[in-house]
file start.cif (mmCIF, C-alpha atoms and all ligand atoms)
data_query
loop_
_atom_site.label_atom_id
_atom_site.label_comp_id
_atom_site.auth_asym_id
_atom_site.auth_seq_id
_atom_site.Cartn_x
_atom_site.Cartn_y
_atom_site.Cartn_z
CA MET A 1 19.76 -25.05 4.81
CA LYS A 2 17.96 -22.62 7.11
CA ILE A 3 15.04 -20.46 5.98
CA LEU A 4 14.36 -17.05 7.48
CA VAL A 5 10.62 -16.37 7.41
CA ILE A 6 9.56 -12.74 7.57
CA ASN A 7 6.06 -11.37 8.16
CA CYS A 8 6.43 -7.63 7.92
CA GLY A 9 3.78 -5.11 8.97
CA SER A 10 3.94 -1.34 8.88
CA SER A 11 5.38 -1.04 12.40
CA SER A 12 6.15 -4.64 13.29
CA LEU A 13 8.13 -7.55 11.91
CA LYS A 14 7.71 -11.16 12.97
CA TYR A 15 10.40 -13.68 12.09
CA GLN A 16 11.29 -17.33 12.43
CA VAL A 17 14.29 -19.42 11.48
CA ILE A 18 13.32 -22.91 10.35
CA ASP A 19 15.55 -25.80 9.32
CA ALA A 20 14.40 -26.53 5.78
CA VAL A 21 15.14 -30.26 5.95
CA THR A 22 14.06 -31.26 9.46
CA GLU A 23 11.41 -28.49 9.62
CA GLU A 24 12.57 -27.76 13.16
CA LEU A 25 11.78 -24.27 14.47
CA LEU A 26 15.15 -22.91 15.59
CA ALA A 27 14.40 -19.33 16.61
CA LYS A 28 11.61 -16.81 16.51
CA GLY A 29 10.84 -13.29 17.57
CA LEU A 30 9.39 -9.93 16.86
CA CYS A 31 10.37 -6.30 16.24
CA GLU A 32 7.66 -3.96 17.45
CA ARG A 33 7.01 -0.22 17.36
CA ILE A 34 9.31 0.25 14.36
CA GLY A 35 9.63 3.96 13.58
CA ILE A 36 8.10 4.89 16.96
CA ASP A 37 10.65 3.76 19.55
CA GLY A 38 11.21 0.03 19.29
CA SER A 39 11.32 -3.25 21.12
CA PHE A 40 12.99 -6.47 20.05
CA THR A 41 12.10 -10.00 21.15
CA TYR A 42 14.25 -13.03 20.44
CA GLU A 43 13.89 -16.65 21.43
CA ASN A 44 16.39 -19.39 20.73
CA VAL A 45 13.84 -22.20 20.56
CA LYS A 46 16.41 -24.85 19.63
CA ALA A 47 18.38 -24.42 22.86
CA GLY A 48 15.25 -23.67 24.89
CA LEU A 49 16.73 -20.41 26.12
CA GLY A 50 13.41 -18.64 26.61
CA LYS A 51 12.28 -15.24 25.40
CA GLU A 52 14.46 -12.16 25.68
CA LYS A 53 12.90 -8.78 25.17
CA CYS A 54 14.78 -5.49 25.02
CA ASP A 55 13.86 -1.92 24.26
CA VAL A 56 16.07 -0.71 21.46
CA ASP A 57 15.68 2.12 19.02
CA ILE A 58 14.31 0.72 15.72
CA PRO A 59 13.91 3.75 13.46
CA ASP A 60 13.22 1.69 10.31
CA HIS A 61 12.82 -1.85 8.99
CA ASN A 62 16.49 -2.07 7.92
CA LYS A 63 17.45 -1.68 11.54
CA GLY A 64 14.85 -4.31 12.48
CA ILE A 65 16.20 -6.83 9.96
CA SER A 66 19.80 -6.16 11.07
CA LEU A 67 18.78 -6.87 14.68
CA VAL A 68 17.20 -10.13 13.53
CA ILE A 69 20.32 -11.16 11.61
CA GLU A 70 22.59 -10.24 14.52
CA ALA A 71 20.49 -12.24 16.97
CA VAL A 72 20.06 -15.38 14.89
CA THR A 73 23.76 -15.49 13.86
CA ASP A 74 25.16 -14.60 17.28
CA PRO A 75 28.00 -17.06 18.07
CA VAL A 76 26.63 -17.76 21.56
CA LYS A 77 22.88 -17.29 21.46
CA GLY A 78 22.30 -17.66 17.72
CA VAL A 79 21.09 -20.68 15.76
CA THR A 80 22.79 -20.32 12.38
CA THR A 81 25.49 -18.59 10.38
CA LEU A 82 24.58 -16.01 7.75
CA GLU A 83 25.89 -18.36 5.02
CA GLU A 84 23.57 -21.14 6.19
CA ILE A 85 20.47 -19.00 5.62
CA GLY A 86 19.69 -20.27 2.14
CA ALA A 87 16.67 -18.08 1.50
CA VAL A 88 14.19 -15.65 2.99
CA GLY A 89 10.46 -16.38 2.69
CA HIS A 90 8.22 -13.32 2.87
CA ARG A 91 4.53 -13.32 3.62
CA ILE A 92 2.90 -11.05 1.03
CA VAL A 93 -0.77 -10.36 1.65
CA HIS A 94 -2.10 -9.57 -1.82
CA GLY A 95 -0.92 -11.10 -5.06
CA GLY A 96 -3.95 -10.04 -7.09
CA GLU A 97 -4.53 -12.25 -10.13
CA ALA A 98 -0.87 -12.17 -11.10
CA PHE A 99 0.30 -14.78 -8.61
CA THR A 100 -1.19 -18.24 -8.36
CA SER A 101 1.75 -19.63 -6.41
CA SER A 102 4.88 -18.56 -4.57
CA VAL A 103 7.67 -16.96 -6.63
CA LEU A 104 11.32 -16.01 -6.42
CA ILE A 105 11.46 -12.25 -5.99
CA ASN A 106 13.02 -10.10 -8.70
CA ASP A 107 12.37 -6.54 -9.91
CA GLU A 108 9.40 -7.63 -12.03
CA VAL A 109 7.79 -9.41 -9.08
CA ILE A 110 8.26 -6.35 -6.89
CA ALA A 111 6.64 -4.17 -9.57
CA ALA A 112 3.71 -6.62 -9.84
CA ILE A 113 3.22 -6.60 -6.05
CA GLU A 114 3.33 -2.80 -6.09
CA SER A 115 0.76 -2.71 -8.88
CA VAL A 116 -1.84 -4.47 -6.69
CA SER A 117 -1.01 -2.48 -3.58
CA ASP A 118 -4.21 -0.46 -3.79
CA LEU A 119 -6.06 -3.74 -3.10
CA ALA A 120 -4.17 -4.07 0.24
CA PRO A 121 -2.89 -0.59 1.04
CA LEU A 122 -2.06 -1.37 4.67
CA HIS A 123 -0.26 -4.63 3.98
CA ASN A 124 1.52 -4.85 0.61
CA PRO A 125 3.69 -1.71 0.99
CA ALA A 126 4.73 -2.88 4.46
CA ASN A 127 5.49 -6.38 3.14
CA LEU A 128 7.69 -4.84 0.43
CA ILE A 129 9.61 -2.77 2.96
CA GLY A 130 10.65 -6.08 4.53
CA VAL A 131 11.68 -7.46 1.14
CA ARG A 132 13.82 -4.41 0.37
CA ALA A 133 15.45 -4.42 3.80
CA CYS A 134 16.47 -8.06 3.31
CA GLN A 135 17.74 -7.35 -0.21
CA ASP A 136 19.91 -4.55 1.23
CA LEU A 137 21.30 -6.57 4.09
CA MET A 138 21.52 -10.04 2.49
CA PRO A 139 22.16 -9.18 -1.15
CA GLY A 140 23.18 -12.67 -2.30
CA THR A 141 20.33 -14.54 -0.59
CA PRO A 142 17.27 -15.52 -2.66
CA GLN A 143 14.00 -13.97 -1.50
CA VAL A 144 10.67 -15.69 -2.04
CA ALA A 145 7.17 -14.19 -1.97
CA VAL A 146 4.42 -16.36 -0.50
CA PHE A 147 0.99 -14.85 -1.06
CA ASP A 148 -2.10 -15.02 1.18
CA THR A 149 -4.25 -14.90 -1.94
CA ALA A 150 -2.48 -17.48 -4.14
CA PHE A 151 -4.17 -20.63 -2.81
CA HIS A 152 -7.59 -19.21 -3.66
CA GLN A 153 -6.74 -18.47 -7.30
CA THR A 154 -8.21 -21.86 -8.27
CA MET A 155 -11.71 -20.58 -7.48
CA PRO A 156 -13.99 -20.69 -10.54
CA SER A 157 -15.33 -17.40 -11.89
CA LYS A 158 -18.84 -18.19 -10.57
CA ALA A 159 -17.32 -18.06 -7.07
CA TYR A 160 -15.02 -15.08 -7.47
CA MET A 161 -17.08 -12.67 -9.59
CA TYR A 162 -19.27 -10.05 -7.93
CA ALA A 163 -22.54 -9.38 -9.73
CA LEU A 164 -21.41 -5.86 -10.65
CA PRO A 165 -20.93 -4.11 -14.00
CA LEU A 166 -18.18 -6.09 -15.70
CA GLU A 167 -16.16 -2.95 -16.35
CA TYR A 168 -15.19 -2.82 -12.67
CA TYR A 169 -13.59 -6.21 -13.01
CA ASN A 170 -12.06 -5.39 -16.38
CA LYS A 171 -10.70 -2.01 -15.33
CA TYR A 172 -9.90 -2.51 -11.64
CA LYS A 173 -9.92 -6.27 -11.06
CA VAL A 174 -12.74 -5.95 -8.56
CA ARG A 175 -13.41 -9.60 -7.67
CA ARG A 176 -13.16 -11.93 -4.72
CA TYR A 177 -9.59 -12.99 -3.87
CA GLY A 178 -9.68 -14.56 -0.40
CA PHE A 179 -6.98 -14.43 2.26
CA HIS A 180 -5.31 -16.68 4.86
CA GLY A 181 -4.47 -18.88 1.85
CA THR A 182 -1.26 -20.18 3.41
CA SER A 183 -3.23 -21.43 6.39
CA HIS A 184 -6.09 -22.91 4.33
CA SER A 185 -3.54 -24.69 2.14
CA PHE A 186 -1.50 -26.00 5.10
CA VAL A 187 -4.53 -27.24 7.04
CA SER A 188 -6.32 -28.83 4.09
CA LYS A 189 -3.14 -30.74 3.18
CA LYS A 190 -2.70 -31.80 6.80
CA VAL A 191 -6.29 -33.10 6.80
CA ALA A 192 -5.58 -35.36 3.83
CA GLU A 193 -2.45 -36.65 5.57
CA VAL A 194 -4.27 -37.27 8.86
CA VAL A 195 -7.23 -39.12 7.34
CA GLY A 196 -4.93 -41.01 4.95
CA LYS A 197 -6.66 -40.01 1.73
CA PRO A 198 -5.09 -38.47 -1.39
CA TYR A 199 -5.37 -34.65 -1.31
CA GLU A 200 -6.94 -34.82 -4.77
CA GLU A 201 -9.80 -37.02 -3.57
CA ILE A 202 -11.16 -35.28 -0.51
CA LYS A 203 -13.65 -32.49 0.23
CA THR A 204 -12.63 -30.35 3.17
CA ILE A 205 -14.07 -27.23 4.78
CA VAL A 206 -11.38 -25.29 6.65
CA CYS A 207 -12.62 -22.86 9.32
CA HIS A 208 -9.74 -20.46 10.08
CA LEU A 209 -11.17 -18.74 13.15
CA GLY A 210 -8.83 -16.16 14.64
CA ASN A 211 -9.02 -12.45 15.16
CA GLY A 212 -9.40 -12.39 11.39
CA ALA A 213 -11.61 -15.29 10.31
CA SER A 214 -12.27 -16.99 7.01
CA ILE A 215 -13.57 -20.29 5.75
CA SER A 216 -12.76 -22.19 2.59
CA ALA A 217 -14.08 -25.08 0.56
CA VAL A 218 -11.26 -27.28 -0.76
CA LYS A 219 -12.38 -29.91 -3.23
CA ASN A 220 -9.98 -32.46 -4.68
CA GLY A 221 -6.92 -30.38 -3.83
CA LYS A 222 -8.27 -27.06 -5.07
CA CYS A 223 -9.89 -24.16 -3.30
CA VAL A 224 -13.34 -23.73 -4.87
CA ASP A 225 -14.67 -20.98 -2.61
CA THR A 226 -13.66 -18.84 0.33
CA SER A 227 -15.42 -16.28 2.49
CA MET A 228 -13.12 -13.25 2.23
CA GLY A 229 -13.43 -11.11 -0.86
CA LEU A 230 -11.71 -8.18 -2.54
CA THR A 231 -10.47 -7.35 0.95
CA PRO A 232 -10.45 -9.30 4.22
CA LEU A 233 -13.67 -7.55 5.30
CA GLU A 234 -16.13 -9.94 3.65
CA GLY A 235 -17.50 -13.15 5.10
CA LEU A 236 -17.49 -14.25 8.71
CA ILE A 237 -18.00 -11.98 11.70
CA MET A 238 -14.51 -11.27 13.07
CA GLY A 239 -12.87 -9.66 16.09
CA THR A 240 -13.51 -6.11 14.91
CA ARG A 241 -14.68 -6.65 11.30
CA SER A 242 -18.34 -6.90 10.36
CA GLY A 243 -18.06 -9.55 7.65
CA ASP A 244 -21.00 -9.76 5.22
CA LEU A 245 -23.58 -7.01 5.25
CA ASP A 246 -25.95 -5.15 2.96
CA PRO A 247 -23.68 -2.72 1.04
CA ALA A 248 -26.42 -0.08 1.22
CA ILE A 249 -25.60 0.24 4.93
CA VAL A 250 -22.47 2.21 4.01
CA GLU A 251 -24.40 5.08 2.41
CA PHE A 252 -27.16 4.91 5.02
CA ILE A 253 -24.79 5.27 8.00
CA ALA A 254 -22.68 7.86 6.16
CA GLY A 255 -25.79 10.00 5.67
CA LYS A 256 -27.07 9.61 9.21
CA GLU A 257 -23.72 10.15 10.93
CA ASN A 258 -22.30 12.72 8.50
CA MET A 259 -19.39 10.47 7.66
CA THR A 260 -17.56 9.67 4.43
CA ALA A 261 -17.72 6.21 2.89
CA ALA A 262 -14.09 5.70 3.92
CA GLN A 263 -14.95 6.54 7.53
CA VAL A 264 -17.83 4.05 7.55
CA VAL A 265 -15.61 1.34 6.04
CA SER A 266 -13.07 2.07 8.75
CA VAL A 267 -15.83 1.42 11.32
CA LEU A 268 -16.65 -1.84 9.53
CA ASN A 269 -13.01 -2.88 9.79
CA LYS A 270 -12.03 -1.62 13.21
CA LYS A 271 -15.11 -1.08 15.36
CA SER A 272 -17.50 -3.82 14.35
CA GLY A 273 -17.53 -7.61 14.66
CA VAL A 274 -17.86 -9.34 18.01
CA GLN A 275 -16.27 -6.29 19.63
CA ALA A 276 -19.32 -4.24 18.62
CA LEU A 277 -21.94 -6.94 19.16
CA SER A 278 -20.63 -7.55 22.67
CA ASN A 279 -21.29 -3.87 23.44
CA ASN A 280 -17.51 -3.33 23.39
CA LEU A 281 -16.84 -5.95 26.03
CA SER A 282 -14.00 -7.41 23.96
CA SER A 283 -12.87 -8.73 20.58
CA ASP A 284 -11.15 -11.63 22.34
CA PHE A 285 -13.08 -14.88 22.61
CA ARG A 286 -11.60 -15.68 26.02
CA ASP A 287 -13.36 -12.60 27.41
CA LEU A 288 -16.51 -13.29 25.42
CA GLU A 289 -16.70 -16.87 26.66
CA ALA A 290 -16.28 -15.67 30.25
CA GLY A 291 -18.93 -12.99 29.69
CA TYR A 292 -21.29 -15.50 28.09
CA LYS A 293 -20.95 -17.86 31.05
CA ALA A 294 -21.46 -14.98 33.49
CA GLY A 295 -24.77 -14.18 31.79
CA ASN A 296 -23.73 -11.08 29.83
CA GLU A 297 -26.42 -10.82 27.14
CA TYR A 298 -24.18 -8.97 24.66
CA ALA A 299 -21.37 -11.50 25.00
CA LYS A 300 -24.00 -14.16 24.26
CA LEU A 301 -25.22 -12.24 21.22
CA ALA A 302 -21.66 -11.85 19.89
CA VAL A 303 -20.77 -15.52 20.32
CA ASP A 304 -24.11 -16.76 19.00
CA ALA A 305 -23.97 -14.52 15.92
CA PHE A 306 -20.36 -15.55 15.22
CA CYS A 307 -21.14 -19.28 15.45
CA TYR A 308 -24.35 -18.94 13.44
CA ARG A 309 -22.46 -17.22 10.60
CA VAL A 310 -19.79 -19.94 10.55
CA ALA A 311 -22.48 -22.65 10.49
CA LYS A 312 -24.24 -20.93 7.57
CA TYR A 313 -21.00 -20.87 5.58
CA VAL A 314 -20.32 -24.53 6.32
CA GLY A 315 -23.77 -25.35 4.94
CA ALA A 316 -23.13 -23.24 1.85
CA TYR A 317 -19.77 -24.87 1.19
CA ALA A 318 -21.14 -28.38 1.68
CA ALA A 319 -23.64 -27.44 -1.03
CA ALA A 320 -20.90 -25.94 -3.22
CA MET A 321 -18.91 -29.18 -3.08
CA ASN A 322 -21.93 -31.52 -3.14
CA GLY A 323 -20.89 -32.87 0.23
CA VAL A 324 -18.04 -32.66 2.69
CA ASP A 325 -15.72 -35.31 4.10
CA VAL A 326 -13.89 -33.30 6.75
CA ILE A 327 -14.45 -30.06 8.65
CA ALA A 328 -11.27 -28.63 10.18
CA PHE A 329 -11.04 -25.87 12.78
CA THR A 330 -7.87 -23.84 13.04
CA ALA A 331 -6.30 -20.53 14.26
CA GLY A 332 -6.65 -18.92 17.71
CA ILE A 333 -10.33 -19.64 18.29
CA GLY A 334 -10.62 -22.75 16.11
CA GLU A 335 -7.70 -24.44 17.85
CA ASN A 336 -8.38 -23.30 21.41
CA SER A 337 -12.09 -22.90 22.00
CA PRO A 338 -14.10 -26.11 22.54
CA PHE A 339 -16.93 -23.78 23.57
CA VAL A 340 -17.14 -22.10 20.15
CA ARG A 341 -16.53 -25.35 18.23
CA GLU A 342 -19.38 -27.06 20.04
CA LYS A 343 -21.79 -24.22 19.32
CA ILE A 344 -20.95 -24.40 15.61
CA LEU A 345 -21.09 -28.19 15.45
CA ALA A 346 -24.50 -28.19 17.13
CA TYR A 347 -25.92 -26.77 13.87
CA LEU A 348 -24.41 -29.46 11.67
CA GLY A 349 -26.15 -32.67 12.66
CA TYR A 350 -28.13 -32.62 9.39
CA LEU A 351 -24.84 -33.00 7.46
CA GLY A 352 -24.00 -36.15 9.37
CA VAL A 353 -21.69 -34.50 11.91
CA ASP A 354 -21.62 -36.46 15.15
CA TYR A 355 -19.11 -34.95 17.56
CA CYS A 356 -17.79 -36.21 20.86
CA GLU A 357 -17.92 -33.78 23.79
CA GLU A 358 -14.91 -35.36 25.48
CA ARG A 359 -12.73 -35.32 22.36
CA ASN A 360 -13.71 -31.71 21.75
CA LYS A 361 -12.15 -30.72 25.06
CA GLN A 362 -8.75 -32.19 24.21
CA ARG A 363 -5.79 -30.09 23.07
CA GLY A 364 -3.06 -30.84 20.60
CA ASP A 365 -1.76 -30.12 17.12
CA VAL A 366 -4.25 -32.57 15.64
CA VAL A 367 -7.37 -33.45 17.64
CA LYS A 368 -10.17 -35.58 16.26
CA ILE A 369 -13.45 -34.18 17.54
CA SER A 370 -15.97 -36.34 15.72
CA LYS A 371 -16.99 -39.84 16.76
CA ASP A 372 -15.38 -42.59 14.72
CA ASP A 373 -18.64 -43.39 12.93
CA SER A 374 -19.52 -39.75 12.15
CA LYS A 375 -20.33 -39.35 8.43
CA VAL A 376 -18.27 -36.15 8.38
CA ALA A 377 -14.99 -36.19 10.29
CA VAL A 378 -14.17 -33.10 12.37
CA TYR A 379 -10.70 -32.06 13.50
CA ALA A 380 -9.00 -29.20 15.29
CA ILE A 381 -5.66 -28.72 13.55
CA ALA A 382 -2.97 -26.24 14.52
CA THR A 383 -2.11 -24.03 11.61
CA ASN A 384 1.50 -23.10 10.99
CA GLU A 385 1.76 -20.37 8.40
CA GLU A 386 5.48 -19.84 8.99
CA LEU A 387 6.28 -23.50 8.35
CA ALA A 388 4.12 -23.38 5.23
CA ILE A 389 6.07 -20.31 4.04
CA ALA A 390 9.38 -22.06 4.80
CA ARG A 391 8.27 -25.12 2.81
CA GLU A 392 7.22 -23.03 -0.19
CA THR A 393 10.48 -21.09 -0.02
CA TYR A 394 12.64 -24.20 0.21
CA ALA A 395 10.78 -25.82 -2.68
CA LEU A 396 11.74 -22.86 -4.91
CA VAL A 397 15.39 -22.60 -3.94
CA LYS A 398 16.64 -26.11 -3.22
P1 LIG A 401 -5.24 -15.52 15.86
O1 LIG A 401 -5.69 -14.31 15.09
O2 LIG A 401 -5.31 -16.79 15.07
O3 LIG A 401 -3.92 -15.32 16.55
O4 LIG A 401 -6.32 -15.71 17.03
C1 LIG A 401 -6.40 -14.78 18.07
C2 LIG A 401 -7.71 -14.96 18.79
O5 LIG A 401 -7.87 -16.31 19.23
C3 LIG A 401 -7.83 -14.14 20.06
O6 LIG A 401 -8.26 -12.84 19.80
C4 LIG A 401 -8.88 -14.92 20.82
O7 LIG A 401 -10.15 -14.44 20.42
C5 LIG A 401 -8.74 -16.34 20.35
N1 LIG A 401 -8.20 -17.23 21.37
C6 LIG A 401 -6.91 -17.48 21.68
N2 LIG A 401 -6.82 -18.37 22.68
C7 LIG A 401 -8.08 -18.70 23.04
C8 LIG A 401 -8.68 -19.59 24.01
N3 LIG A 401 -7.94 -20.32 24.83
N4 LIG A 401 -10.02 -19.65 24.06
C9 LIG A 401 -10.78 -18.91 23.23
N5 LIG A 401 -10.29 -18.08 22.29
C10 LIG A 401 -8.97 -17.98 22.19
#

call {"tool": "encode", "arguments": {"input": "start.cif", "output": "C-alpha cells"}}
result
Amino acid sequence: MKILVINCGSSSLKYQVIDAVTEELLAKGLCERIGIDGSFTYENVKAGLGKEKCDVDIPDHNKGISLVIEAVTDPVKGVTTLEEIGAVGHRIVHGGEAFTSSVLINDEVIAAIESVSDLAPLHNPANLIGVRACQDLMPGTPQVAVFDTAFHQTMPSKAYMYALPLEYYNKYKVRRYGFHGTSHSFVSKKVAEVVGKPYEEIKTIVCHLGNGASISAVKNGKCVDTSMGLTPLEGLIMGTRSGDLDPAIVEFIAGKENMTAAQVVSVLNKKSGVQALSNNLSSDFRDLEAGYKAGNEYAKLAVDAFCYRVAKYVGAYAAAMNGVDVIAFTAGIGENSPFVREKILAYLGYLGVDYCEERNKQRGDVVKISKDDSKVAVYAIATNEELAIARETYALVK
C-alpha cells in the first residue's frame, strides 16, 4: 500500500508518496502560489529522476491535488496507480483538546477541526481545504488527520494551564497546546531505538530548532511539557517570532506606536525573533552564523540570545523530569548547525553533558555528539514528519 501525505497551507501544498510497508519515499513535490498563478514541482525519488518544476495555473487546491494525482500515477514518470494509494494522511495543525491521537476523517472530525479553527486561523482552514479536495478527487480513499498538537495532550494540567481566570479556559479553552508534535514524537521514539532503551523508561529533551522552534520534555513515553502554547508564538526565540515575553509589552507598544493589539501580535509573529535581534540581517541561521563569524554584533546578539533561551528551557525540562537521559537536536538548525549546537551544549556541563567537538561536526540522520562516558547522551537526529504521518495513517487503515 502507498500513502499520500499532504501538508496543505493557504497557498501551498507539499506532498509525498511513501510505501507503507518498506517506508521508502517514492515521490515528493510541492504546489506553490495556489490561487495566485501557480507552480508545480515533482520528483520521482524512487527512479532518481530529479526535480521537475513547471509553471502551471493552479487556481485552487482541487487543481493542485489533481496535478499531484496525475504526476504520481503517470504511467511513465509516476510511482503508483490510483488504486494502490490506500490512504491519504493530512497534517492538521490544531486539534485542540478533542484529539489526542490521529483519526480517520469523517464529517464529525471535520466539524471538530473547524470548531478549533479560531485557535489556528491561518492553518486549520487551509488544512481542511486539502482534506476536502482529496475527498472530492479520491472519494473512496480513507483520509487520516494527524495533528501537530496531539502528542502534547499527555501534558499534566500543571504544565498546560495558564495562571489566568479559569473562565477563559472553561469558555474558550485557553491553555497551552504545543506544536511540532509529530516531530517531537518521531524523534523521541527514534532516541529510544538508538540508545536501545524502552520508550517507556527514558527521559528525553527534544530540541526542534527550525524556522519555527520548540522544545519538549518526554518522560517515559509521554510528553510532560513543551515550549509552545496556545499558539506557536510562545517559548523559544524563532526565525521571526519573539517567543516568551512579558505580555504587558503588547499594550505598551500598542500605546506608543498607535497600533492595535492584533498589529502588535503580528509584529511578534512576523517581525521579531532572530530576524529582529540581528537588526534585520536575516532569519536564516546560515546568514547569522556567517555574520557572527564576520564580527557583526547584531548577528552575535541574535545567535547568543537564541542559544541562551534553548539552554534555559533544557534546564527547566531537566528539572521537570527530575533528570534527563538524552538531549536530541532536530530540524533545520538542530540537524545542520554544529555552531549553534555547541553554543547550547556549552551551558549544559552542570547536567553532566560532555560533548565531543569532532562528533558534533559530523552529518547524518543519527549523529552521536556526546562522548561515550557523558552522563547525558546528546544526538542530532533528522526529523521526518512526513514518514511519521505515513506511519500513523497506515496504522489506522491497514
Ligand atoms: P526548518 O524550519 O526545520 O526547515 O529549518 C529551516 C531553518 O534551518 C533555516 O531557516 C535555517 O535557519 C536553518 N538551517 C538550514 N540549514 C542550515 C545550515 N546548514 N546551517 C545552519 N542553519 C541551517

call {"tool": "atom_distance", "arguments": {"input": "start.cif", "atom1": "atom CA of A:Phe151", "atom2": "atom CA of A:Tyr379"}}
result
21.0 Å

call {"tool": "residues_around", "arguments": {"input": "start.cif", "residues": "A:Leu288", "least_positions_apart": "4", "cutoff": "8 Å", "atoms": "only C-alpha atoms", "output": "PyMOL selection string"}}
result
chain A and resi 278+281-284+292+299-300+302-303

call {"tool": "closest_atom_pairs", "arguments": {"input": "start.cif", "of": "stretch 296-344 of chain A", "to": "stretch 244-250 of chain A", "cutoff": "12 Å", "atoms": "all atoms listed in the file", "output": "JSON lines"}}
result
{"residue": "A:Phe306", "atom": "CA", "partner": "A:Asp244", "partner_atom": "CA", "distance": 11.6}
{"residue": "A:Arg309", "atom": "CA", "partner": "A:Asp244", "partner_atom": "CA", "distance": 9.3}
{"residue": "A:Val310", "atom": "CA", "partner": "A:Asp244", "partner_atom": "CA", "distance": 11.6}
{"residue": "A:Lys312", "atom": "CA", "partner": "A:Asp244", "partner_atom": "CA", "distance": 11.9}
{"residue": "A:Tyr313", "atom": "CA", "partner": "A:Asp244", "partner_atom": "CA", "distance": 11.1}

call {"tool": "residues_near_ligand", "arguments": {"input": "start.cif", "ligand": "ligand LIG 401 (chain A)", "cutoff": "9 Å", "atoms": "all atoms listed in the file", "output": "VMD selection string"}}
result
chain A and resid 208 to 213 239 282 to 289 330 to 340 383

call {"tool": "closest_atom_pairs", "arguments": {"input": "start.cif", "of": "stretch 9-120 of chain A", "to": "stretch 135-142 of chain A", "cutoff": "7 Å", "atoms": "only C-alpha atoms", "output": "CSV"}}
result
residue,atom,partner,partner_atom,distance
A:Gly86,CA,A:Thr141,CA,6.4
A:Ala87,CA,A:Pro142,CA,4.9
A:Val88,CA,A:Pro142,CA,6.4

call {"tool": "residues_near_point", "arguments": {"input": "start.cif", "point": "(2.4, -21.0, 12.8)", "cutoff": "10 Å", "atoms": "all atoms listed in the file", "output": "list in words"}}
result
Gln16, Ser183, Phe186, Ala331, Ala382, Thr383, Asn384, Glu385, Glu386, Leu387, Ala388 and Ile389 of chain A

call {"tool": "residues_around", "arguments": {"input": "start.cif", "residues": "A:Ile105", "least_positions_apart": "6", "cutoff": "8 Å", "atoms": "all atoms listed in the file", "output": "list in words"}}
result
Pro142, Gln143, Val144 and Ala145 of chain A

call {"tool": "residues_around", "arguments": {"input": "start.cif", "residues": "A:Glu70", "least_positions_apart": "6", "cutoff": "12 Å", "atoms": "only C-alpha atoms", "output": "list of chain:residue names"}}
result
A:Phe40, A:Tyr42, A:Lys63, A:Gly64, A:Val76, A:Lys77, A:Gly78, A:Val79, A:Thr80, A:Thr81, A:Leu82, A:Leu137

call {"tool": "atom_distance", "arguments": {"input": "start.cif", "atom1": "atom CA of A:Glu114", "atom2": "atom CA of A:Ser102"}}
result
15.9 Å

call {"tool": "residues_around", "arguments": {"input": "start.cif", "residues": "A:Glu251", "least_positions_apart": "6", "cutoff": "12 Å", "atoms": "only C-alpha atoms", "output": "VMD selection string"}}
result
chain A and resid 257 to 265

call {"tool": "write_last_selection", "arguments": {"input": "start.cif", "atoms": "C-alpha atoms", "output": "PDB file, keeping the file's coordinate frame"}}
result
ATOM      1  CA  GLU A 257     -23.720  10.150  10.930  1.00  0.00           C
ATOM      2  CA  ASN A 258     -22.300  12.720   8.500  1.00  0.00           C
ATOM      3  CA  MET A 259     -19.390  10.470   7.660  1.00  0.00           C
ATOM      4  CA  THR A 260     -17.560   9.670   4.430  1.00  0.00           C
ATOM      5  CA  ALA A 261     -17.720   6.210   2.890  1.00  0.00           C
ATOM      6  CA  ALA A 262     -14.090   5.700   3.920  1.00  0.00           C
ATOM      7  CA  GLN A 263     -14.950   6.540   7.530  1.00  0.00           C
ATOM      8  CA  VAL A 264     -17.830   4.050   7.550  1.00  0.00           C
ATOM      9  CA  VAL A 265     -15.610   1.340   6.040  1.00  0.00           C
TER      10      VAL A 265
END

call {"tool": "decode", "arguments": {"input": "start.cif", "residues": "stretch 278-287 of chain A", "atoms": "N, CA and C atoms", "output": "CSV table (one decimal), in the first residue's frame"}}
result
chain,number,residue,atom,x,y,z
A,278,SER,N,18.9,40.5,15.0
A,278,SER,CA,20.1,40.7,14.1
A,278,SER,C,20.0,42.0,13.3
A,279,ASN,N,19.1,42.9,13.8
A,279,ASN,CA,19.0,44.2,13.1
A,279,ASN,C,18.6,43.9,11.6
A,280,ASN,N,17.7,42.9,11.5
A,280,ASN,CA,17.2,42.5,10.1
A,280,ASN,C,18.2,42.0,9.2
A,281,LEU,N,19.3,41.5,9.7
A,281,LEU,CA,20.3,40.8,8.8
A,281,LEU,C,19.6,39.6,8.2
A,282,SER,N,19.0,38.7,9.0
A,282,SER,CA,18.4,37.6,8.4
A,282,SER,C,17.6,36.8,9.5
A,283,SER,N,16.7,35.9,9.0
A,283,SER,CA,16.1,35.0,10.0
A,283,SER,C,16.7,33.6,9.8
A,284,ASP,N,17.6,33.5,8.8
A,284,ASP,CA,18.3,32.2,8.5
A,284,ASP,C,19.6,32.1,9.2
A,285,PHE,N,19.8,30.9,9.9
A,285,PHE,CA,20.9,30.7,10.7
A,285,PHE,C,22.2,30.6,9.9
A,286,ARG,N,22.1,30.3,8.6
A,286,ARG,CA,23.3,30.3,7.8
A,286,ARG,C,23.9,31.7,7.7
A,287,ASP,N,23.0,32.6,7.5
A,287,ASP,CA,23.4,34.0,7.4
A,287,ASP,C,23.9,34.6,8.7
